[in-house]
$ cat my_file.pdb   # PDB, C-alpha atoms (C1' of nucleotides)
ATOM      1  CA  MET F  12      -4.910 -10.296  -4.430
ATOM      2  CA  ALA F  13      -4.507  -7.195  -2.358
ATOM      3  CA  ARG F  14      -1.699  -4.710  -2.302
ATOM      4  CA  ALA F  15       1.737  -6.125  -1.650
ATOM      5  CA  ALA F  16       2.777  -6.176   1.991
ATOM      6  CA  THR F  17       4.722  -3.196   3.210
ATOM      7  CA  THR F  18       7.399  -5.646   4.243
ATOM      8  CA  THR F  19       7.793  -6.977   0.735
ATOM      9  CA  ASP F  20      10.715  -4.764  -0.135
ATOM     10  CA  ALA F  21      12.249  -1.351   0.397
ATOM     11  CA  PHE F  22       9.954   0.185  -2.224
ATOM     12  CA  ASN F  23       6.886  -0.690  -0.222
ATOM     13  CA  ALA F  24       8.390  -0.005   3.174
ATOM     14  CA  VAL F  25       9.510   3.441   2.184
ATOM     15  CA  ALA F  26       6.269   4.457   0.505
ATOM     16  CA  GLU F  27       5.019   5.432   3.952
ATOM     17  CA  PRO F  28       6.167   8.985   4.811
ATOM     18  CA  ARG F  29       6.523   8.245   8.516
ATOM     19  CA  ARG F  30       8.973   5.515   7.786
ATOM     20  CA  ARG F  31      10.971   7.814   5.583
ATOM     21  CA  GLU F  32      11.002  10.286   8.443
ATOM     22  CA  ILE F  33      12.299   7.617  10.766
ATOM     23  CA  LEU F  34      15.104   6.784   8.395
ATOM     24  CA  ASP F  35      15.920  10.462   8.053
ATOM     25  CA  LEU F  36      16.204  10.727  11.806
ATOM     26  CA  LEU F  37      18.340   7.631  12.062
ATOM     27  CA  ALA F  38      20.586   9.029   9.370
ATOM     28  CA  GLY F  39      21.760  11.417  12.064
ATOM     29  CA  GLY F  40      22.904   8.552  14.222
ATOM     30  CA  GLU F  41      21.658   5.711  16.342
ATOM     31  CA  CYS F  42      18.493   6.377  18.250
ATOM     32  CA  VAL F  43      16.382   4.941  21.020
ATOM     33  CA  VAL F  44      12.679   4.337  20.465
ATOM     34  CA  ASN F  45      11.494   7.006  22.837
ATOM     35  CA  ASP F  46      13.626   9.603  21.136
ATOM     36  CA  LEU F  47      11.909   8.744  17.889
ATOM     37  CA  VAL F  48       8.527   8.916  19.561
ATOM     38  CA  THR F  49       9.308  12.412  20.785
ATOM     39  CA  ARG F  50      10.859  13.641  17.595
ATOM     40  CA  LEU F  51       8.108  12.233  15.415
ATOM     41  CA  GLY F  52       5.292  13.357  17.641
ATOM     42  CA  LEU F  53       3.693   9.996  17.031
ATOM     43  CA  ALA F  54       2.322   7.490  19.522
ATOM     44  CA  GLN F  55       4.797   4.896  20.725
ATOM     45  CA  PRO F  56       2.975   1.823  19.409
ATOM     46  CA  GLN F  57       2.860   3.194  15.883
ATOM     47  CA  VAL F  58       6.541   3.978  16.039
ATOM     48  CA  SER F  59       7.291   0.440  17.161
ATOM     49  CA  LYS F  60       5.173  -0.888  14.340
ATOM     50  CA  HIS F  61       6.918   1.215  11.753
ATOM     51  CA  LEU F  62      10.239   0.078  13.147
ATOM     52  CA  LYS F  63       9.132  -3.496  12.810
ATOM     53  CA  VAL F  64       8.436  -3.003   9.134
ATOM     54  CA  LEU F  65      11.799  -1.334   8.654
ATOM     55  CA  ARG F  66      13.463  -4.186  10.499
ATOM     56  CA  GLU F  67      11.810  -6.775   8.314
ATOM     57  CA  VAL F  68      13.115  -5.226   5.145
ATOM     58  CA  GLY F  69      16.524  -4.773   6.722
ATOM     59  CA  LEU F  70      16.504  -0.991   6.713
ATOM     60  CA  VAL F  71      17.270  -0.784  10.415
ATOM     61  CA  GLN F  72      19.077  -2.891  12.956
ATOM     62  CA  VAL F  73      18.435  -3.073  16.679
ATOM     63  CA  ARG F  74      20.765  -3.402  19.587
ATOM     64  CA  GLU F  75      19.349  -4.153  23.028
ATOM     65  CA  GLU F  76      20.696  -1.961  25.753
ATOM     66  CA  GLY F  77      19.087  -2.495  29.113
ATOM     67  CA  ARG F  78      15.462  -1.835  28.680
ATOM     68  CA  GLN F  79      15.903   0.292  25.656
ATOM     69  CA  ARG F  80      16.411  -0.642  22.027
ATOM     70  CA  ARG F  81      18.883   1.321  20.052
ATOM     71  CA  TYR F  82      18.002   1.499  16.381
ATOM     72  CA  ARG F  83      20.479   2.042  13.631
ATOM     73  CA  LEU F  84      20.080   2.793   9.962
ATOM     74  CA  ASN F  85      21.104   0.318   7.305
ATOM     75  CA  GLY F  86      20.780   1.967   3.946
ATOM     76  CA  ARG F  87      21.777  -0.938   1.770
ATOM     77  CA  PRO F  88      18.244  -2.021   0.814
ATOM     78  CA  LEU F  89      17.746   1.472  -0.569
ATOM     79  CA  GLN F  90      20.256   0.746  -3.253
ATOM     80  CA  ALA F  91      17.644  -1.183  -5.233
ATOM     81  CA  ILE F  92      15.472   1.912  -5.325
ATOM     82  CA  HIS F  93      18.371   4.105  -6.245
ATOM     83  CA  ASP F  94      19.415   1.794  -9.034
ATOM     84  CA  TRP F  95      15.938   1.639 -10.457
ATOM     85  CA  VAL F  96      15.198   5.319 -10.304
ATOM     86  CA  LYS F  97      18.608   6.370 -11.510
ATOM     87  CA  LYS F  98      17.812   5.014 -14.965
ATOM     88  CA  TYR F  99      15.289   7.792 -15.317
ATOM     89  CA  GLU F 100      17.555  10.548 -14.131
ATOM     90  CA  GLN F 101      18.029  12.282 -17.461
ATOM     91  CA  THR F 102      14.296  12.221 -17.911
ATOM     92  CA  TRP F 103      13.774  15.265 -15.726
ATOM     93  CA  GLN F 104      16.742  17.301 -16.841
ATOM     94  CA  ASP F 105      15.817  20.625 -18.356
ATOM     95  CA  ARG F 106      17.404  19.779 -21.646
ATOM     96  CA  PHE F 107      15.384  16.605 -21.824
ATOM     97  CA  ASP F 108      12.216  18.527 -21.123
ATOM     98  CA  ALA F 109      13.064  20.950 -23.879
ATOM     99  CA  LEU F 110      13.543  18.046 -26.249
ATOM    100  CA  ASP F 111      10.198  16.762 -25.123
ATOM    101  CA  VAL F 112       8.520  20.012 -26.029
ATOM    102  CA  VAL F 113      10.108  19.963 -29.438
ATOM    103  CA  LEU F 114       8.942  16.430 -30.043
ATOM    104  CA  GLU F 115       5.487  17.315 -28.868
ATOM    105  CA  GLU F 116       5.347  20.189 -31.330
ATOM    106  CA  LEU F 117       6.580  18.038 -34.153
ATOM    107  CA  ILE F 118       3.944  15.465 -33.415
ATOM    108  CA  GLU F 119       1.134  17.977 -33.294
ATOM    109  CA  GLU F 120       2.321  19.636 -36.430
ATOM    110  CA  GLU F 121       2.380  16.319 -38.172
ATOM    111  CA  GLN F 122      -1.112  15.543 -36.988
ATOM    112  CA  SER F 123      -2.691  18.792 -38.141
ATOM    113  CA  ASN F 124      -0.874  18.621 -41.458
ATOM    114  CA  GLY F 125      -2.223  15.233 -42.305
ATOM    115  CA  ARG F 126      -0.076  13.104 -44.571
ATOM    116  CA  ASP F 127      -0.481  14.958 -47.894
ATOM    117  CA  ASP F 128       2.673  17.073 -47.810
ATOM    118  CA  GLU F 129       5.239  14.293 -47.689
TER     119      GLU F 129
ATOM    120  CA  MET T  10      -6.533   5.413   8.648
ATOM    121  CA  ALA T  11      -5.578   2.881   6.060
ATOM    122  CA  ARG T  12      -2.557   2.828   3.853
ATOM    123  CA  ALA T  13      -2.058   5.912   1.727
ATOM    124  CA  ALA T  14      -3.620   5.746  -1.711
ATOM    125  CA  THR T  15      -1.386   4.511  -4.487
ATOM    126  CA  THR T  16      -2.150   7.772  -6.240
ATOM    127  CA  THR T  17      -0.799   9.832  -3.369
ATOM    128  CA  ASP T  18       2.637  10.285  -4.861
ATOM    129  CA  ALA T  19       5.314   8.636  -6.954
ATOM    130  CA  PHE T  20       6.589   6.660  -3.951
ATOM    131  CA  ASN T  21       3.287   4.883  -3.590
ATOM    132  CA  ALA T  22       2.588   4.539  -7.279
ATOM    133  CA  VAL T  23       5.933   2.959  -7.943
ATOM    134  CA  ALA T  24       5.840   0.538  -5.033
ATOM    135  CA  GLU T  25       3.859  -1.785  -7.283
ATOM    136  CA  PRO T  26       6.227  -3.862  -9.444
ATOM    137  CA  ARG T  27       3.849  -4.000 -12.406
ATOM    138  CA  ARG T  28       3.796  -0.240 -12.558
ATOM    139  CA  ARG T  29       7.555  -0.129 -12.497
ATOM    140  CA  GLU T  30       7.527  -2.611 -15.346
ATOM    141  CA  ILE T  31       5.195  -0.391 -17.295
ATOM    142  CA  LEU T  32       7.465   2.590 -16.817
ATOM    143  CA  ASP T  33      10.438   0.489 -17.861
ATOM    144  CA  LEU T  34       8.627  -0.433 -21.050
ATOM    145  CA  LEU T  35       7.631   3.152 -21.730
ATOM    146  CA  ALA T  36      11.215   4.193 -21.215
ATOM    147  CA  GLY T  37      11.832   2.522 -24.557
ATOM    148  CA  GLY T  38       9.381   4.846 -26.236
ATOM    149  CA  GLU T  39       5.696   5.634 -26.516
ATOM    150  CA  CYS T  40       3.401   2.682 -26.408
ATOM    151  CA  VAL T  41      -0.180   1.726 -27.055
ATOM    152  CA  VAL T  42      -2.175  -0.068 -24.369
ATOM    153  CA  ASN T  43      -2.443  -3.346 -26.212
ATOM    154  CA  ASP T  44       1.289  -3.487 -26.672
ATOM    155  CA  LEU T  45       1.682  -3.168 -22.937
ATOM    156  CA  VAL T  46      -0.925  -5.842 -22.390
ATOM    157  CA  THR T  47       1.008  -8.206 -24.610
ATOM    158  CA  ARG T  48       4.405  -7.371 -23.265
ATOM    159  CA  LEU T  49       3.311  -7.556 -19.649
ATOM    160  CA  GLY T  50       1.276 -10.708 -20.081
ATOM    161  CA  LEU T  51      -1.351  -9.101 -17.927
ATOM    162  CA  ALA T  52      -5.080  -8.725 -18.522
ATOM    163  CA  GLN T  53      -6.137  -5.537 -20.267
ATOM    164  CA  PRO T  54      -8.301  -4.122 -17.476
ATOM    165  CA  GLN T  55      -5.479  -4.366 -14.940
ATOM    166  CA  VAL T  56      -3.135  -2.633 -17.325
ATOM    167  CA  SER T  57      -5.636   0.160 -17.819
ATOM    168  CA  LYS T  58      -6.002   0.450 -14.085
ATOM    169  CA  HIS T  59      -2.277   0.647 -13.514
ATOM    170  CA  LEU T  60      -2.053   3.255 -16.225
ATOM    171  CA  LYS T  61      -4.728   5.256 -14.495
ATOM    172  CA  VAL T  62      -2.690   5.336 -11.314
ATOM    173  CA  LEU T  63       0.400   6.363 -13.227
ATOM    174  CA  ARG T  64      -1.586   9.086 -14.957
ATOM    175  CA  GLU T  65      -2.877  10.445 -11.681
ATOM    176  CA  VAL T  66       0.592  10.905 -10.279
ATOM    177  CA  GLY T  67       1.757  12.342 -13.570
ATOM    178  CA  LEU T  68       4.174   9.574 -14.438
ATOM    179  CA  VAL T  69       2.617   9.019 -17.832
ATOM    180  CA  GLN T  70       0.770  11.111 -20.374
ATOM    181  CA  VAL T  71      -1.766   9.932 -22.903
ATOM    182  CA  ARG T  72      -2.417  10.947 -26.437
ATOM    183  CA  GLU T  73      -5.561   9.763 -28.180
ATOM    184  CA  GLU T  74      -5.019   8.369 -31.609
ATOM    185  CA  GLY T  75      -8.088   6.946 -33.247
ATOM    186  CA  ARG T  76      -9.316   4.197 -31.006
ATOM    187  CA  GLN T  77      -6.015   3.709 -29.363
ATOM    188  CA  ARG T  78      -4.279   5.592 -26.579
ATOM    189  CA  ARG T  79      -0.626   6.192 -26.874
ATOM    190  CA  TYR T  80       1.088   6.376 -23.507
ATOM    191  CA  ARG T  81       4.286   8.215 -22.863
ATOM    192  CA  LEU T  82       6.629   8.292 -19.899
ATOM    193  CA  ASN T  83       7.098  11.408 -17.820
ATOM    194  CA  GLY T  84       9.882  10.793 -15.360
ATOM    195  CA  ARG T  85       9.768  14.072 -13.521
ATOM    196  CA  PRO T  86       7.777  12.843 -10.512
ATOM    197  CA  LEU T  87      10.530  10.298  -9.971
ATOM    198  CA  GLN T  88      12.895  13.073  -9.101
ATOM    199  CA  ALA T  89      11.438  13.287  -5.599
ATOM    200  CA  ILE T  90      12.327   9.655  -5.033
ATOM    201  CA  HIS T  91      15.763  10.120  -6.475
ATOM    202  CA  ASP T  92      16.419  13.143  -4.307
ATOM    203  CA  TRP T  93      15.330  11.377  -1.173
ATOM    204  CA  VAL T  94      17.201   8.161  -1.762
ATOM    205  CA  LYS T  95      20.324   9.872  -2.981
ATOM    206  CA  LYS T  96      21.004  11.180   0.496
ATOM    207  CA  TYR T  97      21.661   7.615   1.545
ATOM    208  CA  GLU T  98      23.914   6.766  -1.321
ATOM    209  CA  GLN T  99      27.167   6.597   0.608
ATOM    210  CA  THR T 100      25.431   4.372   3.113
ATOM    211  CA  TRP T 101      25.878   1.293   0.989
ATOM    212  CA  GLN T 102      29.366   1.970  -0.286
ATOM    213  CA  ASP T 103      31.901  -0.632   0.744
ATOM    214  CA  ARG T 104      34.010   1.899   2.555
ATOM    215  CA  PHE T 105      31.033   3.007   4.562
ATOM    216  CA  ASP T 106      30.281  -0.582   5.504
ATOM    217  CA  ALA T 107      33.843  -1.006   6.652
ATOM    218  CA  LEU T 108      33.522   2.088   8.784
ATOM    219  CA  ASP T 109      30.384   0.635  10.203
ATOM    220  CA  VAL T 110      32.198  -2.480  11.295
ATOM    221  CA  VAL T 111      34.857  -0.400  12.969
ATOM    222  CA  LEU T 112      32.277   1.615  14.837
ATOM    223  CA  GLU T 113      30.529  -1.538  15.874
ATOM    224  CA  GLU T 114      33.750  -2.890  17.302
ATOM    225  CA  LEU T 115      34.482   0.320  19.118
ATOM    226  CA  ILE T 116      31.059   0.315  20.673
ATOM    227  CA  GLU T 117      31.313  -3.258  21.827
ATOM    228  CA  GLU T 118      34.777  -2.720  23.170
ATOM    229  CA  GLU T 119      33.586   0.269  25.099
ATOM    230  CA  GLN T 120      30.722  -1.702  26.517
ATOM    231  CA  SER T 121      32.818  -4.580  27.781
ATOM    232  CA  ASN T 122      35.430  -2.213  29.173
ATOM    233  CA  GLY T 123      33.016  -0.261  31.252
ATOM    234  CA  ARG T 124      33.932   3.323  31.965
ATOM    235  CA  ASP T 125      36.890   2.836  34.342
ATOM    236  CA  ASP T 126      39.709   3.352  31.867
ATOM    237  CA  GLU T 127      39.030   6.959  30.932
TER     238      GLU T 127
ATOM    239  C1'  DT K  26     -26.021   0.786 -39.181
ATOM    240  C1'  DT K  27     -24.336  -3.356 -37.663
ATOM    241  C1'  DT K  28     -20.101  -5.486 -36.225
ATOM    242  C1'  DA K  29     -15.505  -5.696 -34.460
ATOM    243  C1'  DC K  30     -11.900  -3.545 -32.130
ATOM    244  C1'  DA K  31      -9.232  -0.661 -28.295
ATOM    245  C1'  DT K  32      -9.656   0.924 -23.986
ATOM    246  C1'  DA K  33     -11.916   2.298 -19.694
ATOM    247  C1'  DT K  34     -15.064   1.437 -15.971
ATOM    248  C1'  DT K  35     -17.742  -1.209 -12.677
ATOM    249  C1'  DC K  36     -18.535  -4.778  -9.409
ATOM    250  C1'  DC K  37     -16.920  -8.563  -6.414
ATOM    251  C1'  DC K  38     -13.659 -10.166  -2.952
ATOM    252  C1'  DA K  39      -9.661 -11.371   0.165
ATOM    253  C1'  DT K  40      -6.322  -8.954   2.270
ATOM    254  C1'  DA K  41      -3.223  -5.933   5.033
ATOM    255  C1'  DT K  42      -2.739  -1.345   6.270
ATOM    256  C1'  DG K  43      -2.136   2.430   9.929
ATOM    257  C1'  DG K  44      -4.006   4.695  13.614
ATOM    258  C1'  DG K  45      -6.167   4.210  18.353
ATOM    259  C1'  DT K  46      -6.238   2.004  22.697
ATOM    260  C1'  DA K  47      -5.206  -1.450  25.932
ATOM    261  C1'  DT K  48      -2.159  -4.663  27.480
ATOM    262  C1'  DA K  49       1.936  -7.841  27.789
ATOM    263  C1'  DC K  50       6.762  -8.282  28.878
ATOM    264  C1'  DG K  51      11.351  -7.662  30.330
ATOM    265  C1'  DA K  52      14.594  -4.644  32.862
ATOM    266  C1'  DT K  53      15.403  -1.566  36.713
ATOM    267  C1'  DG K  54      14.956   1.022  40.798
ATOM    268  C1'  DG K  55      13.049   1.480  45.452
TER     269       DG K  55
ATOM    270  C1'  DC A  10       9.151  -8.034  45.716
ATOM    271  C1'  DC A  11       6.462  -4.216  43.849
ATOM    272  C1'  DA A  12       6.062  -0.176  40.959
ATOM    273  C1'  DT A  13       7.702   1.916  37.000
ATOM    274  C1'  DC A  14       9.851   2.512  32.772
ATOM    275  C1'  DG A  15      10.782   1.284  27.650
ATOM    276  C1'  DT A  16       9.122  -1.273  24.149
ATOM    277  C1'  DA A  17       6.430  -4.640  21.717
ATOM    278  C1'  DT A  18       2.134  -6.912  20.711
ATOM    279  C1'  DA A  19      -2.851  -7.703  20.239
ATOM    280  C1'  DC A  20      -7.222  -6.052  19.001
ATOM    281  C1'  DC A  21     -10.669  -3.083  16.622
ATOM    282  C1'  DC A  22     -11.885  -0.526  12.536
ATOM    283  C1'  DA A  23     -12.364   2.067   8.013
ATOM    284  C1'  DT A  24     -10.275   1.941   3.918
ATOM    285  C1'  DA A  25      -8.321   1.005  -0.750
ATOM    286  C1'  DT A  26      -5.848  -2.305  -3.086
ATOM    287  C1'  DG A  27      -5.198  -5.589  -7.195
ATOM    288  C1'  DG A  28      -6.817  -9.283  -9.615
ATOM    289  C1'  DG A  29     -10.888 -11.469 -12.043
ATOM    290  C1'  DA A  30     -14.871 -11.023 -14.841
ATOM    291  C1'  DA A  31     -18.356  -8.519 -17.097
ATOM    292  C1'  DT A  32     -19.708  -4.546 -19.315
ATOM    293  C1'  DA A  33     -19.643   0.309 -21.051
ATOM    294  C1'  DT A  34     -17.863   3.643 -24.390
ATOM    295  C1'  DG A  35     -16.135   5.211 -28.432
ATOM    296  C1'  DT A  36     -14.045   4.575 -33.010
ATOM    297  C1'  DA A  37     -13.367   2.318 -37.310
ATOM    298  C1'  DA A  38     -14.506  -1.129 -40.665
ATOM    299  C1'  DA A  39     -17.933  -3.850 -43.498
TER     300       DA A  39
END

$ encode --input "my_file.pdb" --output "C-alpha cells"
Amino acid sequence: MARAATTTDAFNAVAEPRRREILDLLAGGECVVNDLVTRLGLAQPQVSKHLKVLREVGLVQVREEGRQRRYRLNGRPLQAIHDWVKKYEQTWQDRFDALDVVLEELIEEEQSNGRDDE
Amino acid sequence: MARAATTTDAFNAVAEPRRREILDLLAGGECVVNDLVTRLGLAQPQVSKHLKVLREVGLVQVREEGRQRRYRLNGRPLQAIHDWVKKYEQTWQDRFDALDVVLEELIEEEQSNGRDDE
DNA sequence: TTTACATATTCCCATATGGGTATACGATGG
DNA sequence: CCATCGTATACCCATATGGGAATATGTAAA
C-alpha cells in the first residue's frame, strides 16, 4: 500500500502547508479563487487542486457566483485533530518537562548504580 | 515535487493513523518494540519503520536496554499542531454554527433582493 | 562459539502526490 | 456570436510512501 490519500481525512489534508495557508486565509472571511491565487503567490491550477482536496474532506464549502467560486471555511473537520492532539497538551508544559528530567535522572542513576544497593 | 516527506514535521508524521496509535500507546508509558508489535498487531519491520519516522521528528526517544529498545513519548512537537488547530476552535462550536446559518440566510436574502432597497 | 532473540535495514512494488503546463468549460461582455 | 475571464481538469514527471519479505546487526543465553 502507499501513503493514505490526502483526501482521507483532515489529518492528511492539513499536512500540506499550502492547504493550511489556504485555511488561514479563509479564516479571515470568504474568498474567491483568484484572491487566493494572488495572496498565495501560487499558480491557479495548484490552488484549485488544493481547494478540491479541502472540499473533499469538508474543510471548505463553495458557492457559485457568476463565473467565480466563493470559498468558505468549515472548521468542523478540524475538531478531530484538536481532540486527538489535546490529549497530549500537558506533555509539553514546562512542569511536565521538568518532571521528565527528574525521571530521566532517576533512571540513569538507577542504571549506573546497578541493583546491589536496594 | 512530490508530497512532503513524512519526516518533515509533526503534521506529516502524525497523518498516518498507525503512528498516532503508537503515540497513544506510548502515552501510557514507556514501551519496548515487541510490546508495540503485539499491541498493534502489525509486523515488526513496519513498527520499526514507523518508530524511525517518529524519532526523526522528535516525537519519541529511545533508550537502549540490553537487546531491547525502550521507546518513550515526547509530545512537544505536537504543540505546533495544537497551536495551529486551536485558532479554529470556535469554528465548530454550536453557537458559531448557528451564526453561520444566520449569515448564510442574510447573504441569500441580499442576493434575491438585489441592491434596490438600500 | 554457536544459537536464539530483539530490533533495524534493505529491497521490491503499487500508488498518489504536487508542481508545471496546456487545455476544457461555463459565464460575461463587446 | 466571438473573445475573454475565472476556474477546473487532464497530462507528464520525480519522488517517497507503506506494506511484505528477507536479511543484517547486535546482545544474551546455552

$ closest_residue --input "my_file.pdb" --among "F:Val58, F:Leu84, F:Leu70, F:Leu34" --to "chain K" --atoms "only C-alpha atoms (C1' of nucleotides)"
F:Val58

$ atom_distance --input "my_file.pdb" --atom1 "CA of Tyr80 in chain T" --atom2 "C1' of DA38 in chain A"
24.4 Å

$ closest_atom_pairs --input "my_file.pdb" --of "chain A" --to "chain T" --cutoff "8 Å" --atoms "all atoms listed in the file" --output "JSON lines"
{"residue": "A:DA23", "atom": "C1'", "partner": "T:Met10", "partner_atom": "CA", "distance": 6.8}
{"residue": "A:DT24", "atom": "C1'", "partner": "T:Ala11", "partner_atom": "CA", "distance": 5.2}
{"residue": "A:DA25", "atom": "C1'", "partner": "T:Ala14", "partner_atom": "CA", "distance": 6.7}
{"residue": "A:DG27", "atom": "C1'", "partner": "T:Gln55", "partner_atom": "CA", "distance": 7.8}
{"residue": "A:DG28", "atom": "C1'", "partner": "T:Gln55", "partner_atom": "CA", "distance": 7.4}
{"residue": "A:DG35", "atom": "C1'", "partner": "T:Arg76", "partner_atom": "CA", "distance": 7.4}
{"residue": "A:DT36", "atom": "C1'", "partner": "T:Arg76", "partner_atom": "CA", "distance": 5.1}
{"residue": "A:DA37", "atom": "C1'", "partner": "T:Arg76", "partner_atom": "CA", "distance": 7.7}

$ resolve_selection --input "my_file.pdb" --expression "the PyMOL selection byres ((chain K and resi 32) around 8)" --output "list in words"
Val42, Ser57, Arg76, Gln77 and Arg78 of chain T; DA31 and DA33 of chain K

$ resolve_selection --input "my_file.pdb" --expression "the PyMOL selection byres ((chain T) within 7 of (chain F))" --output "list in words"
Phe20, Asn21, Ala24, Gly84, Arg85, Leu87, His91, Val94, Lys95, Tyr97, Thr100 and Trp101 of chain T

$ closest_atom_pairs --input "my_file.pdb" --of "chain K" --to "chain F" --cutoff "12 Å" --atoms "all atoms listed in the file" --output "Markdown table"
| residue | atom | partner | partner_atom | distance |
| --- | --- | --- | --- | --- |
| K:DC38 | C1' | F:Met12 | CA | 8.9 |
| K:DA39 | C1' | F:Met12 | CA | 6.7 |
| K:DT40 | C1' | F:Ala13 | CA | 5.3 |
| K:DA41 | C1' | F:Ala16 | CA | 6.7 |
| K:DT42 | C1' | F:Thr17 | CA | 8.3 |
| K:DG43 | C1' | F:Gln57 | CA | 7.8 |
| K:DG44 | C1' | F:Gln57 | CA | 7.4 |
| K:DG45 | C1' | F:Ala54 | CA | 9.2 |
| K:DT46 | C1' | F:Pro56 | CA | 9.8 |
| K:DA47 | C1' | F:Pro56 | CA | 11.0 |
| K:DT48 | C1' | F:Pro56 | CA | 11.6 |
| K:DC50 | C1' | F:Arg78 | CA | 10.8 |
| K:DG51 | C1' | F:Arg78 | CA | 7.3 |
| K:DA52 | C1' | F:Arg78 | CA | 5.1 |
| K:DT53 | C1' | F:Arg78 | CA | 8.0 |

$ atom_distance --input "my_file.pdb" --atom1 "CA of Arg50 in chain F" --atom2 "C1' of DG54 in chain K"
26.7 Å

$ atom_distance --input "my_file.pdb" --atom1 "CA of Leu65 in chain F" --atom2 "CA of Asp46 in chain F"
16.7 Å

$ residues_around --input "my_file.pdb" --residues "DT28 in chain K" --least-positions-apart "2" --cutoff "10 Å" --atoms "only C-alpha atoms (C1' of nucleotides)" --output "ChimeraX atom specification"
/K:26,30 /A:38-39
